[in-house]
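The structure under discussion appears below in the form of structure tokens.
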Amino acid sequence: MSTKDEFFAHIEKGYTTKGDFITMGAAMLNGETVTNAHVKVPLKTLNRHGLIAGATGTGKTKTLQVISENLSEKGIPVLLMDLKGDLSGIAQPSPGHPKIDERHEKIGLPFEPKSFPVEILSLSEQNGVKLRATVSEFGPVLLSRILDLSDTQSGIVSVVFKYCDDNKLPLLDLKDFKKVLQYATGEGKKEFTESYGRISTSSTGTILRKIIELEQQGAELFFGEKSFDVDDLTRIDSEGRGYINIIRLTDIQDKPKLFSTFMLSLLAEIYDSFPEQGDSDRPELILFIDEAHLIFKEASKALLDQIESIVKLIRSKGIGLYFVTQNPTDVPNAVLAQLGLKVQHALRAFTARDRKAIKLTAENYPESDYYDTKEVLTSLGIGEALIAALDEKGRPTPLAATMLRAPMSRMDVLTDGELKSVISSSKLVKKYNEVVDRESAYEILNEKIEKAEALAEKERAKPAARRTTSRRSTRQNPVIKVLTSATFIRGVLGVLKKVIR
């Protein structure tokens, strides 16, 4: 048996699966594609999370697109973060190309152009379904971690939430939260001190500054109503295909705080809302977090702990998380250790730091008799990647340098007209894009303060009114006027003198 035949048998055995799967492409040996040596990922293990990494221009986005399309075809909904604006083309079929046909002939897969059901979502003022959440839904712990508060400051946030619960004050947006903080050390200081203890003005000042920092990154557009229901991410179209939900993030690349705030709130909401699945045969939802370093770069230790905890626990809810980034070292080791599928595109060795990163990356992959992993990492072409997955029993599959299949949808953005058409036909736009501004903590406290001030003004006016009335009545009563006159008093004194004599 030739080395090529041995390799084919090695790949075929390692990637054989009894249940349903998606096909990533065909394995390569010595730089050549081995036709029909298909690299398959079982649906059963897709909720074990994953990583798509590689240098700029090596094809990470197209890999993300391929996986999303194949998941959609299997009836599994997907959520994508589109930071570069080049994923909307999934809504249109690929125009095809001779090079695509040539690639698929090598892989041993037919190529069929297809479009997929797409929902465009937005965190900002861009067109699309508006994603919002209320401050109350965040809760004191998550909000404190996002703001990177000290224990003392976190305690104050908890007191604010407790006060609002006790007094039926809805905390919907940041304006509400700021108002309660100001009230706690201002007009409501006595009330807070009696019921909840003294609250430090310097601590509330620090919290307010952190909130303003968050607002400057556009968070006021995110906090509020109507809250997005995460169940709407799991929709299936009339043909049984899962919706591909694309969040347009092209205008928040310089706002990592807003991005991480949204991602953490989304993961927490999904974890709280979705039922336990156990070890199911297919995931309920797959999330791709593009430019993942934006989450981890600005994250505090407390926030990282929260993310790591969610990554570990959310798998049991049937949710798969896939981090997309340039270098695996962008992802913390504690998170990296939880990832089952790794798709590693080429890395570039321009500096000593690059070479060190390549060495570390190679150590994260299983050893292979057919590859020098460090060498392969720098020699992969565009649309090629090293893949290591898990089989149905959770065991690592053989390492495979893979010629990846091409996306079935367009590898380019939608035109303005096409984008407008997708958004205008969306049922979710009609559901979520009406701005709701009902009475909440801000309005209720303002009304309470106004009433208190009016009452205080009325009380201050009472003594002055009594003094004025007294003086006025003395002047107007003629009897009192006569009795207190100098002439009357002298006359009385004269009578008294005569009587004494």
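Ordering of the structure tokens sets the chain letters (A, B, ...); residue numbers start at 1 within each chain; ligands are numbered from 1 in the order shown.
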
- Fewer than 5 positions away in the same chain doesn't count, so skip those; otherwise give me all residues within 12 Å of Asp437 in chain A, counting only C-alpha atoms, as number ranges by chain. A: 134, 170-173, 175-176, 223-227, 442-443

- Task: With a distance cut-off of 7 Å and only C-alpha atoms, select the neighbouring residues of range 86-103 of chain A, excluding the residue or stretch itself and same-chain residues fewer than 6 positions from it, and output the selection as a VMD selection string.
- Result: chain A and resid 111 113 to 118 406 408 to 414

Selection above as a file: C-alpha atoms, as a PDB file, in the first residue's frame:
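Below you can see selection39.pdb, which holds the result:
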ATOM      1  CA  PHE A 111     -20.754  22.398  -6.194  1.00  0.00           C
ATOM      2  CA  PRO A 113     -24.762  27.676  -5.786  1.00  0.00           C
ATOM      3  CA  LYS A 114     -27.386  28.480  -3.117  1.00  0.00           C
ATOM      4  CA  SER A 115     -28.770  31.376  -1.110  1.00  0.00           C
ATOM      5  CA  PHE A 116     -29.744  31.054   2.552  1.00  0.00           C
ATOM      6  CA  PRO A 117     -32.336  32.623   4.874  1.00  0.00           C
ATOM      7  CA  VAL A 118     -30.733  35.671   6.455  1.00  0.00           C
ATOM      8  CA  ALA A 406     -16.021  26.929  -1.357  1.00  0.00           C
ATOM      9  CA  MET A 408     -22.286  28.100  -1.917  1.00  0.00           C
ATOM     10  CA  SER A 409     -23.435  31.696  -1.449  1.00  0.00           C
ATOM     11  CA  ARG A 410     -21.940  34.931  -2.711  1.00  0.00           C
ATOM     12  CA  MET A 411     -18.478  35.772  -1.377  1.00  0.00           C
ATOM     13  CA  ASP A 412     -19.222  39.475  -1.381  1.00  0.00           C
ATOM     14  CA  VAL A 413     -21.569  42.013   0.199  1.00  0.00           C
ATOM     15  CA  LEU A 414     -25.160  42.683  -0.801  1.00  0.00           C
TER      16      LEU A 414
END

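Restricting the calculation to only C-alpha atoms, the smallest distance between Asn364 in chain A and any of A:Ile387, A:Val436, A:Val311, A:Ala352 is found for A:Ile387.
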
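Remark: for Arg145 in chain A, the closest of the candidate residues A:Leu264, A:Leu386, A:Val331, A:Ile120 is A:Leu264 (distances computed over only C-alpha atoms).
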
- Using only C-alpha atoms, find the one residue out of A:Leu304, A:Ile67, A:Ile11, A:Ile246 that sits nearest to Lys130 in chain A.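 Among the listed residues, the smallest separation from Lys130 in chain A belongs to A:Ile246.
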
- Can you list, as a VMD selection string, all residues belonging to range 64-313 of chain A that DSSP tags as helix (DSSP H, G or I)? chain A and resid 64 to 73 88 to 91 98 to 107 135 to 147 151 to 166 174 to 184 189 to 196 201 to 215 219 to 221 230 to 234 256 to 273 293 to 297 301 to 313

- Query: Leaving out Leu399 in chain A and any residue of its chain fewer than 6 positions from it, which residues lie within 10 Å of it when counting only C-alpha atoms, given as a PyMOL selection string?
  - Reply: chain A and resi 11+14+27+39+342+365-371+373+386-389

- Query: How many Å lie between CA of Asn70 in chain A and CA of Lys430 in chain A, rounded to one decimal?
  - Reply: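 We find that CA of Asn70 in chain A and CA of Lys430 in chain A lie 28.4 Å from each other.
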